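> What follows is target_2.pdb, PDB, C-alpha atoms.
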```pdb
ATOM      1  CA  MET A   1      18.209  -2.536 -19.675
ATOM      2  CA  PRO A   2      19.756  -5.591 -18.054
ATOM      3  CA  THR A   3      18.910  -9.032 -19.274
ATOM      4  CA  PRO A   4      16.761 -10.933 -16.801
ATOM      5  CA  PRO A   5      17.709 -14.506 -16.075
ATOM      6  CA  ASN A   6      15.870 -17.001 -18.206
ATOM      7  CA  HIS A   7      13.671 -18.949 -15.843
ATOM      8  CA  SER A   8       9.986 -19.286 -15.185
ATOM      9  CA  THR A   9       8.249 -16.744 -13.034
ATOM     10  CA  ALA A  10       7.078 -18.005  -9.696
ATOM     11  CA  PRO A  11       3.265 -17.914  -9.710
ATOM     12  CA  VAL A  12       2.870 -16.431  -6.266
ATOM     13  CA  PRO A  13       4.390 -13.052  -5.359
ATOM     14  CA  ALA A  14       6.903 -13.472  -2.605
ATOM     15  CA  PRO A  15       6.708 -11.168   0.356
ATOM     16  CA  ALA A  16       9.732  -8.865   0.538
ATOM     17  CA  PRO A  17      12.310 -11.251   1.973
ATOM     18  CA  GLY A  18      15.276 -10.193   3.969
ATOM     19  CA  ARG A  19      14.535  -6.494   4.104
ATOM     20  CA  PRO A  20      17.454  -5.106   6.092
ATOM     21  CA  ALA A  21      16.505  -4.019   9.590
ATOM     22  CA  SER A  22      18.341  -0.769   8.927
ATOM     23  CA  LEU A  23      15.665   0.210   6.415
ATOM     24  CA  PRO A  24      12.315   1.667   7.388
ATOM     25  CA  PRO A  25       9.613  -0.988   7.060
ATOM     26  CA  TRP A  26       7.610  -0.782   3.853
ATOM     27  CA  HIS A  27       4.076   0.450   4.358
ATOM     28  CA  ALA A  28       2.055  -0.680   1.359
ATOM     29  CA  PRO A  29      -0.238   2.020   0.010
ATOM     30  CA  SER A  30      -3.933   1.212   0.237
ATOM     31  CA  PRO A  31      -5.615  -0.463  -2.746
ATOM     32  CA  GLY A  32      -7.242   2.882  -3.567
ATOM     33  CA  ALA A  33      -3.953   4.742  -3.496
ATOM     34  CA  ARG A  34      -2.325   2.080  -5.658
ATOM     35  CA  ALA A  35      -5.187   2.360  -8.136
ATOM     36  CA  ARG A  36      -4.697   6.141  -8.300
ATOM     37  CA  PHE A  37      -0.974   5.684  -8.825
ATOM     38  CA  LEU A  38      -1.663   3.271 -11.674
ATOM     39  CA  ALA A  39      -4.212   5.670 -13.165
ATOM     40  CA  ALA A  40      -1.530   8.381 -13.298
ATOM     41  CA  LEU A  41       0.683   6.224 -15.517
ATOM     42  CA  LYS A  42       0.759   6.678 -19.263
ATOM     43  CA  PRO A  43       2.125   3.370 -20.530
ATOM     44  CA  ASP A  44       3.400   2.945 -24.088
ATOM     45  CA  SER A  45       1.639   0.877 -26.758
ATOM     46  CA  ASN A  46       3.004  -2.258 -25.071
ATOM     47  CA  GLY A  47       1.550  -1.282 -21.702
ATOM     48  CA  LEU A  48       4.973  -0.479 -20.252
ATOM     49  CA  VAL A  49       6.676   2.407 -18.483
ATOM     50  CA  ALA A  50      10.431   2.794 -18.097
ATOM     51  CA  ALA A  51      11.683   2.360 -14.543
ATOM     52  CA  VAL A  52      15.030   3.637 -13.256
ATOM     53  CA  ALA A  53      16.451   2.239 -10.028
ATOM     54  CA  GLN A  54      18.629   4.534  -7.920
ATOM     55  CA  ALA A  55      20.503   3.406  -4.832
ATOM     56  CA  HIS A  56      19.401   4.901  -1.544
ATOM     57  CA  GLY A  57      22.221   6.719   0.168
ATOM     58  CA  THR A  58      24.847   6.617  -2.552
ATOM     59  CA  GLY A  59      22.623   7.911  -5.379
ATOM     60  CA  GLU A  60      24.094   5.453  -7.889
ATOM     61  CA  VAL A  61      21.851   4.881 -10.895
ATOM     62  CA  LEU A  62      21.736   1.099 -10.965
ATOM     63  CA  MET A  63      19.644   0.070 -13.950
ATOM     64  CA  LEU A  64      16.788   0.839 -16.303
ATOM     65  CA  ALA A  65      14.085  -1.717 -16.966
ATOM     66  CA  TRP A  66      10.347  -1.821 -17.633
ATOM     67  CA  MET A  67       7.191  -2.227 -15.594
ATOM     68  CA  ASN A  68       3.625  -2.977 -16.596
ATOM     69  CA  ALA A  69       0.696  -2.101 -14.325
ATOM     70  CA  GLU A  70       0.913  -5.445 -12.541
ATOM     71  CA  ALA A  71       4.612  -4.940 -11.795
ATOM     72  CA  VAL A  72       4.023  -1.430 -10.474
ATOM     73  CA  ASP A  73       1.193  -2.637  -8.277
ATOM     74  CA  GLU A  74       3.216  -5.551  -6.923
ATOM     75  CA  THR A  75       6.203  -3.283  -6.293
ATOM     76  CA  LEU A  76       4.045  -0.861  -4.307
ATOM     77  CA  ARG A  77       2.270  -3.649  -2.461
ATOM     78  CA  THR A  78       5.292  -5.705  -1.462
ATOM     79  CA  GLY A  79       8.072  -3.122  -1.231
ATOM     80  CA  ARG A  80      10.202  -5.380  -3.402
ATOM     81  CA  VAL A  81      10.968  -4.092  -6.888
ATOM     82  CA  THR A  82       9.332  -6.139  -9.624
ATOM     83  CA  TYR A  83       9.844  -5.414 -13.310
ATOM     84  CA  TYR A  84       8.267  -6.759 -16.464
ATOM     85  CA  SER A  85      10.638  -8.818 -18.567
ATOM     86  CA  ARG A  86      10.070  -8.117 -22.243
ATOM     87  CA  SER A  87      12.111 -11.189 -23.221
ATOM     88  CA  ARG A  88      10.307 -13.553 -20.851
ATOM     89  CA  ARG A  89       6.967 -11.747 -21.161
ATOM     90  CA  GLY A  90       6.266 -11.958 -17.484
ATOM     91  CA  LEU A  91       6.927 -10.432 -14.110
ATOM     92  CA  TRP A  92      10.561 -10.267 -13.099
ATOM     93  CA  ARG A  93      10.995 -10.129  -9.359
ATOM     94  CA  LYS A  94      14.482  -8.674  -9.243
ATOM     95  CA  GLY A  95      16.736 -11.011  -7.305
ATOM     96  CA  GLU A  96      14.505 -14.080  -7.392
ATOM     97  CA  THR A  97      17.340 -16.072  -8.967
ATOM     98  CA  SER A  98      20.431 -14.085  -8.057
ATOM     99  CA  GLY A  99      19.394 -13.014  -4.567
ATOM    100  CA  GLN A 100      20.226  -9.431  -5.574
ATOM    101  CA  VAL A 101      16.894  -8.036  -4.369
ATOM    102  CA  GLN A 102      15.911  -4.377  -4.580
ATOM    103  CA  HIS A 103      14.048  -3.178  -1.480
ATOM    104  CA  LEU A 104      11.852  -0.176  -2.230
ATOM    105  CA  LEU A 105      12.074   3.091  -0.342
ATOM    106  CA  ASP A 106      10.244   5.448  -2.696
ATOM    107  CA  LEU A 107       8.576   5.364  -6.102
ATOM    108  CA  ARG A 108       8.188   8.530  -8.130
ATOM    109  CA  LEU A 109       6.487   9.324 -11.429
ATOM    110  CA  ASP A 110       7.786  11.790 -13.957
ATOM    111  CA  CYS A 111       5.876  14.782 -15.295
ATOM    112  CA  ASP A 112       4.086  12.890 -18.016
ATOM    113  CA  GLY A 113       3.694   9.542 -16.303
ATOM    114  CA  ASP A 114       5.670   7.359 -18.691
ATOM    115  CA  ALA A 115       8.742   6.862 -16.507
ATOM    116  CA  LEU A 116       9.309   5.887 -12.878
ATOM    117  CA  LEU A 117      12.178   6.409 -10.467
ATOM    118  CA  ALA A 118      12.544   3.797  -7.721
ATOM    119  CA  THR A 119      14.769   4.591  -4.769
ATOM    120  CA  VAL A 120      16.033   1.223  -3.582
ATOM    121  CA  HIS A 121      18.316  -0.606  -1.248
ATOM    122  CA  GLN A 122      20.215  -2.926  -3.576
ATOM    123  CA  ASP A 123      21.298  -6.226  -2.083
ATOM    124  CA  GLY A 124      24.733  -6.779  -3.618
ATOM    125  CA  VAL A 125      24.919  -5.820  -7.271
ATOM    126  CA  ALA A 126      22.312  -4.766  -9.824
ATOM    127  CA  CYS A 127      24.047  -5.922 -13.002
ATOM    128  CA  HIS A 128      23.979  -9.500 -14.281
ATOM    129  CA  THR A 129      27.695  -9.084 -15.084
ATOM    130  CA  GLY A 130      28.407  -8.737 -11.366
ATOM    131  CA  ARG A 131      28.953  -4.999 -11.488
ATOM    132  CA  ARG A 132      27.192  -2.740  -9.031
ATOM    133  CA  SER A 133      25.439  -0.727 -11.765
ATOM    134  CA  CYS A 134      24.392  -1.743 -15.255
ATOM    135  CA  PHE A 135      25.694   1.656 -16.448
ATOM    136  CA  SER A 136      29.308   0.572 -16.259
ATOM    137  CA  TRP A 137      30.497   0.956 -19.870
ATOM    138  CA  GLY A 138      31.953   3.981 -21.589
ATOM    139  CA  LEU A 139      34.789   5.314 -23.674
ATOM    140  CA  GLU A 140      38.263   4.605 -22.423
ATOM    141  CA  GLY A 141      40.449   6.436 -24.881
ATOM    142  CA  GLU A 142      39.391   5.213 -28.307
ATOM    143  CA  ALA A 143      37.436   2.134 -27.255
ATOM    144  CA  VAL A 144      34.248   1.215 -25.384
ATOM    145  CA  ALA A 145      35.211  -0.680 -22.258
ATOM    146  CA  PRO A 146      33.830  -1.625 -18.852
ATOM    147  CA  LEU A 147      34.842   1.163 -16.467
ATOM    148  CA  GLU A 148      33.667  -0.407 -13.209
ATOM    149  CA  PRO A 149      34.901  -3.528 -11.435
ATOM    150  CA  VAL A 150      33.163  -6.890 -11.192
ATOM    151  CA  LEU A 151      32.149  -7.261  -7.539
ATOM    152  CA  ALA A 152      30.292 -10.573  -7.675
ATOM    153  CA  ASP A 153      30.897 -13.694  -9.757
ATOM    154  CA  PRO A 154      28.038 -14.032 -12.271
ATOM    155  CA  ALA A 155      28.427 -17.815 -12.154
ATOM    156  CA  ALA A 156      27.729 -17.731  -8.439
ATOM    157  CA  LEU A 157      24.746 -15.400  -8.940
ATOM    158  CA  TYR A 158      23.120 -17.392 -11.735
ATOM    159  CA  GLY A 159      24.867 -20.750 -11.762
ATOM    160  CA  GLY A 160      22.402 -22.668  -9.655
ATOM    161  CA  ALA A 161      23.943 -21.677  -6.346
ATOM    162  CA  ARG A 162      20.456 -20.690  -5.265
TER     163      ARG A 162
ATOM    164  CA  MET B   1       9.761  11.494 -20.313
ATOM    165  CA  PRO B   2       9.315  15.239 -20.329
ATOM    166  CA  THR B   3       7.480  16.944 -23.159
ATOM    167  CA  PRO B   4       9.817  18.960 -25.357
ATOM    168  CA  PRO B   5       8.702  22.410 -26.381
ATOM    169  CA  ASN B   6       6.977  22.495 -29.743
ATOM    170  CA  HIS B   7       9.211  24.500 -32.037
ATOM    171  CA  SER B   8      11.335  23.801 -35.066
ATOM    172  CA  THR B   9      14.779  22.379 -34.609
ATOM    173  CA  ALA B  10      17.612  24.675 -35.522
ATOM    174  CA  PRO B  11      19.355  23.183 -38.555
ATOM    175  CA  VAL B  12      22.856  23.777 -37.308
ATOM    176  CA  PRO B  13      24.067  22.224 -34.043
ATOM    177  CA  ALA B  14      24.933  24.924 -31.582
ATOM    178  CA  PRO B  15      28.264  24.714 -29.830
ATOM    179  CA  ALA B  16      27.844  24.146 -26.107
ATOM    180  CA  PRO B  17      26.984  27.658 -24.987
ATOM    181  CA  GLY B  18      27.644  28.994 -21.552
ATOM    182  CA  ARG B  19      29.418  25.967 -20.134
ATOM    183  CA  PRO B  20      30.209  27.031 -16.587
ATOM    184  CA  ALA B  21      33.870  27.742 -16.004
ATOM    185  CA  SER B  22      33.665  25.564 -12.896
ATOM    186  CA  LEU B  23      33.199  22.495 -15.103
ATOM    187  CA  PRO B  24      36.047  20.718 -16.820
ATOM    188  CA  PRO B  25      36.057  21.588 -20.523
ATOM    189  CA  TRP B  26      34.442  19.001 -22.747
ATOM    190  CA  HIS B  27      36.905  17.048 -24.862
ATOM    191  CA  ALA B  28      34.970  15.576 -27.761
ATOM    192  CA  PRO B  29      35.896  11.972 -28.470
ATOM    193  CA  SER B  30      37.475  11.372 -31.875
ATOM    194  CA  PRO B  31      35.219  10.445 -34.806
ATOM    195  CA  GLY B  32      36.491   6.872 -34.513
ATOM    196  CA  ALA B  33      35.719   6.679 -30.804
ATOM    197  CA  ARG B  34      32.259   8.123 -31.394
ATOM    198  CA  ALA B  35      31.667   5.545 -34.119
ATOM    199  CA  ARG B  36      32.658   2.752 -31.740
ATOM    200  CA  PHE B  37      30.361   4.155 -29.051
ATOM    201  CA  LEU B  38      27.480   4.220 -31.547
ATOM    202  CA  ALA B  39      28.310   0.678 -32.652
ATOM    203  CA  ALA B  40      27.930  -0.503 -29.052
ATOM    204  CA  LEU B  41      24.337   0.756 -28.888
ATOM    205  CA  LYS B  42      21.412  -1.583 -29.413
ATOM    206  CA  PRO B  43      18.572   0.759 -30.349
ATOM    207  CA  ASP B  44      14.949  -0.357 -30.319
ATOM    208  CA  SER B  45      12.856  -0.847 -33.454
ATOM    209  CA  ASN B  46      12.471   2.933 -33.668
ATOM    210  CA  GLY B  47      16.227   3.472 -33.582
ATOM    211  CA  LEU B  48      16.128   4.864 -30.045
ATOM    212  CA  VAL B  49      17.822   4.220 -26.724
ATOM    213  CA  ALA B  50      16.566   5.478 -23.376
ATOM    214  CA  ALA B  51      18.737   8.172 -21.795
ATOM    215  CA  VAL B  52      18.705   9.072 -18.109
ATOM    216  CA  ALA B  53      20.175  12.395 -16.983
ATOM    217  CA  GLN B  54      21.712  12.557 -13.528
ATOM    218  CA  ALA B  55      22.967  15.753 -11.920
ATOM    219  CA  HIS B  56      26.689  15.989 -11.292
ATOM    220  CA  GLY B  57      27.457  16.538  -7.640
ATOM    221  CA  THR B  58      23.995  16.080  -6.165
ATOM    222  CA  GLY B  59      23.182  12.781  -7.902
ATOM    223  CA  GLU B  60      19.586  13.846  -8.575
ATOM    224  CA  VAL B  61      17.954  11.842 -11.366
ATOM    225  CA  LEU B  62      16.590  14.656 -13.506
ATOM    226  CA  MET B  63      14.746  13.094 -16.426
ATOM    227  CA  LEU B  64      14.414  10.205 -18.848
ATOM    228  CA  ALA B  65      14.179  10.837 -22.564
ATOM    229  CA  TRP B  66      15.326   9.209 -25.808
ATOM    230  CA  MET B  67      18.282   9.492 -28.157
ATOM    231  CA  ASN B  68      18.836   8.252 -31.678
ATOM    232  CA  ALA B  69      22.333   7.752 -33.086
ATOM    233  CA  GLU B  70      22.489  11.344 -34.328
ATOM    234  CA  ALA B  71      21.571  12.681 -30.884
ATOM    235  CA  VAL B  72      24.172  10.496 -29.176
ATOM    236  CA  ASP B  73      26.833  11.584 -31.652
ATOM    237  CA  GLU B  74      25.967  15.262 -31.271
ATOM    238  CA  THR B  75      25.930  14.939 -27.471
ATOM    239  CA  LEU B  76      29.406  13.381 -27.498
ATOM    240  CA  ARG B  77      30.724  15.872 -30.021
ATOM    241  CA  THR B  78      29.401  19.071 -28.451
ATOM    242  CA  GLY B  79      29.252  18.199 -24.746
ATOM    243  CA  ARG B  80      25.706  19.517 -24.719
ATOM    244  CA  VAL B  81      22.980  16.943 -24.162
ATOM    245  CA  THR B  82      20.765  16.446 -27.202
ATOM    246  CA  TYR B  83      17.788  14.102 -27.214
ATOM    247  CA  TYR B  84      15.463  12.869 -29.928
ATOM    248  CA  SER B  85      11.928  14.169 -29.560
ATOM    249  CA  ARG B  86       9.441  11.463 -30.444
ATOM    250  CA  SER B  87       6.620  14.007 -30.659
ATOM    251  CA  ARG B  88       8.530  16.444 -32.885
ATOM    252  CA  ARG B  89      10.444  13.699 -34.674
ATOM    253  CA  GLY B  90      13.687  15.591 -34.572
ATOM    254  CA  LEU B  91      16.682  16.466 -32.463
ATOM    255  CA  TRP B  92      15.890  18.184 -29.199
ATOM    256  CA  ARG B  93      18.797  20.238 -27.933
ATOM    257  CA  LYS B  94      17.819  20.437 -24.298
ATOM    258  CA  GLY B  95      17.523  24.068 -23.289
ATOM    259  CA  GLU B  96      17.401  25.570 -26.770
ATOM    260  CA  THR B  97      14.095  27.271 -25.892
ATOM    261  CA  SER B  98      14.128  27.344 -22.112
ATOM    262  CA  GLY B  99      17.816  28.022 -21.584
ATOM    263  CA  GLN B 100      17.903  25.056 -19.224
ATOM    264  CA  VAL B 101      20.897  23.446 -20.913
ATOM    265  CA  GLN B 102      22.484  20.182 -19.793
ATOM    266  CA  HIS B 103      26.287  20.254 -19.988
ATOM    267  CA  LEU B 104      27.759  16.775 -20.311
ATOM    268  CA  LEU B 105      30.375  15.383 -17.959
ATOM    269  CA  ASP B 106      30.124  11.662 -18.694
ATOM    270  CA  LEU B 107      28.088   9.302 -20.853
ATOM    271  CA  ARG B 108      27.769   5.649 -19.911
ATOM    272  CA  LEU B 109      26.129   2.669 -21.604
ATOM    273  CA  ASP B 110      24.385  -0.106 -19.783
ATOM    274  CA  CYS B 111      25.229  -3.786 -20.012
ATOM    275  CA  ASP B 112      23.143  -4.461 -23.093
ATOM    276  CA  GLY B 113      23.520  -1.127 -24.828
ATOM    277  CA  ASP B 114      19.890  -0.030 -24.917
ATOM    278  CA  ALA B 115      20.090   2.619 -22.205
ATOM    279  CA  LEU B 116      22.440   5.517 -21.466
ATOM    280  CA  LEU B 117      23.280   7.442 -18.331
ATOM    281  CA  ALA B 118      24.395  11.038 -18.817
ATOM    282  CA  THR B 119      26.071  12.822 -15.927
ATOM    283  CA  VAL B 120      25.255  16.489 -16.461
ATOM    284  CA  HIS B 121      25.454  19.949 -15.066
ATOM    285  CA  GLN B 122      21.855  21.149 -15.290
ATOM    286  CA  ASP B 123      21.397  24.868 -15.845
ATOM    287  CA  GLY B 124      18.378  25.693 -13.692
ATOM    288  CA  VAL B 125      15.663  23.070 -13.834
ATOM    289  CA  ALA B 126      15.158  19.952 -15.947
ATOM    290  CA  CYS B 127      11.354  19.743 -15.848
ATOM    291  CA  HIS B 128       9.068  21.760 -18.102
ATOM    292  CA  THR B 129       6.866  22.352 -15.040
ATOM    293  CA  GLY B 130       9.690  24.350 -13.456
ATOM    294  CA  ARG B 131      10.672  21.612 -11.025
ATOM    295  CA  ARG B 132      14.296  20.577 -10.695
ATOM    296  CA  SER B 133      13.590  16.943 -11.650
ATOM    297  CA  CYS B 134      10.868  15.474 -13.821
ATOM    298  CA  PHE B 135      10.529  12.698 -11.205
ATOM    299  CA  SER B 136       8.626  14.919  -8.786
ATOM    300  CA  TRP B 137       5.290  13.097  -8.418
ATOM    301  CA  GLY B 138       4.320  10.405  -5.967
ATOM    302  CA  LEU B 139       1.795   9.274  -3.416
ATOM    303  CA  GLU B 140       0.970  11.750  -0.692
ATOM    304  CA  GLY B 141      -1.368   9.802   1.523
ATOM    305  CA  GLU B 142      -4.111   8.518  -0.735
ATOM    306  CA  ALA B 143      -3.469  10.732  -3.757
ATOM    307  CA  VAL B 144      -0.824  11.288  -6.423
ATOM    308  CA  ALA B 145       0.609  14.769  -5.980
ATOM    309  CA  PRO B 146       3.678  16.818  -6.857
ATOM    310  CA  LEU B 147       6.143  16.341  -4.016
ATOM    311  CA  GLU B 148       8.759  18.871  -5.102
ATOM    312  CA  PRO B 149       8.551  22.660  -5.384
ATOM    313  CA  VAL B 150       8.327  24.728  -8.555
ATOM    314  CA  LEU B 151      11.630  26.613  -8.775
ATOM    315  CA  ALA B 152      11.174  28.405 -12.097
ATOM    316  CA  ASP B 153       8.091  29.874 -13.748
ATOM    317  CA  PRO B 154       7.236  27.746 -16.807
ATOM    318  CA  ALA B 155       5.791  30.841 -18.502
ATOM    319  CA  ALA B 156       9.161  32.544 -18.202
ATOM    320  CA  LEU B 157      10.947  29.425 -19.490
ATOM    321  CA  TYR B 158       8.726  28.853 -22.513
ATOM    322  CA  GLY B 159       6.699  32.027 -22.891
ATOM    323  CA  GLY B 160       8.844  33.788 -25.437
ATOM    324  CA  ALA B 161      11.173  35.346 -22.892
ATOM    325  CA  ARG B 162      14.021  33.962 -24.964
TER     326      ARG B 162
END
```
Re-express the file's structure as structure tokens.

Amino acid sequence: MPTPPNHSTAPVPAPAPGRPASLPPWHAPSPGARARFLAALKPDSNGLVAAVAQAHGTGEVLMLAWMNAEAVDETLRTGRVTYYSRSRRGLWRKGETSGQVQHLLDLRLDCDGDALLATVHQDGVACHTGRRSCFSWGLEGEAVAPLEPVLADPAALYGGAR
Amino acid sequence: MPTPPNHSTAPVPAPAPGRPASLPPWHAPSPGARARFLAALKPDSNGLVAAVAQAHGTGEVLMLAWMNAEAVDETLRTGRVTYYSRSRRGLWRKGETSGQVQHLLDLRLDCDGDALLATVHQDGVACHTGRRSCFSWGLEGEAVAPLEPVLADPAALYGGAR
């Protein structure tokens, strides 16, 4: 799971900003449908489900993080992926600091309701290290090493440029 | 996370059986490399990391389950994906009952070491319901429904046919 930036959560959910025109518009499910989706979840003892983000088109698995019911509901309502930050203990609207927003195309549950798969359009990079995917480390010969390139400068993403 | 079948774990790790000849052979990392991979993990308070399985070639996200250090080591050593079953409290060699084995092609860590991404060749289906992926449920209009077809009869997978 990537580390969210350490800042306070904005009190008001932002509407999905900058959704690319190439994407279909997000049609929020009705309140009743969202309530049924939430009822199908089986959160853990902390009220969380694991959420995997996969890139639309390329199929890259970008990251794994967590959602509580509020994050799932906001994600479905706004079409912008919102996680729950366990370190900050609050909603984490992906990209609110870095600008690396995830625009939702589909949200699936697994067979026992404790994990979600979000199909997303990723603005830029998903990883706080500036790599496209958080799953960028592995064995290179005898050592664990980053196997994917840095595509964006983390200092520019998180250094107050926004 | 899918529900593993409820049976005792075989005491001896099986070698990767039936790895398709179309796949590259699995070259187990050295004991030292495996130790360094394990040292890079940051398991949760239960000693577990989340593990996502993605299908080689198609990019389908098949399932999310958990691994402890022993499961990660066995997966790397045998090239056959082995999880840790939280319900059975033991190693879960995917496919040992159903035959729906996952043959490993690559294992990646995420940026903070608490999640893994396994690229696999999935024999048959990943989901205990007989669907290709566990992530087969979503909103269909106002209701949560399975959105993917059943490809294998669960009774044949788990009904003592093996």
> How would you write, as a PyMOL selection string, the residues chosen by the PyMOL selection byres ((chain A and resi 53-63) around 10) on this structure?
(chain A and resi 1-2+23+51-52+64-65+81+102-107+116-122+125-127+131-136) or (chain B and resi 52-54+58-61+110-111+115-117)
> Could you tell me which residues the PyMOL selection byres ((chain A and resi 90) around 10) grabs in this file, written as a PyMOL selection string?
chain A and resi 8-10+67-68+70-71+83-89+91-93
> With distances taken over all atoms listed in the file, which of A:Pro149, A:Gly32, A:Gly99, A:Pro24 is nearest to chain B?
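Smallest separation from chain B among the options: A:Gly32.
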> For the structure provided, state which residues fall under the PyMOL selection byres ((chain B and resi 27) around 9), and present them as a list in words.
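Selection result, ordered by chain and number: Pro24, Pro25, Trp26, Ala28, Pro29, Leu76, Arg77, Thr78 and Gly79 of chain B.
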> Go ahead and write the residues just picked, C-alpha atoms, as a JSON list (two decimals), in the frame of the given file.

```json
[["chain", "number", "residue", "atom", "x", "y", "z"],
["B", 24, "PRO", "CA", 36.05, 20.72, -16.82],
["B", 25, "PRO", "CA", 36.06, 21.59, -20.52],
["B", 26, "TRP", "CA", 34.44, 19.00, -22.75],
["B", 28, "ALA", "CA", 34.97, 15.58, -27.76],
["B", 29, "PRO", "CA", 35.90, 11.97, -28.47],
["B", 76, "LEU", "CA", 29.41, 13.38, -27.50],
["B", 77, "ARG", "CA", 30.72, 15.87, -30.02],
["B", 78, "THR", "CA", 29.40, 19.07, -28.45],
["B", 79, "GLY", "CA", 29.25, 18.20, -24.75]]
```
> Suppose you want the space between atom CA of Pro43 of chain B and atom CA of Val72 of chain B; what is it in Å?
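Value for the atom CA of Pro43 of chain B-atom CA of Val72 of chain B distance: 11.3 Å.
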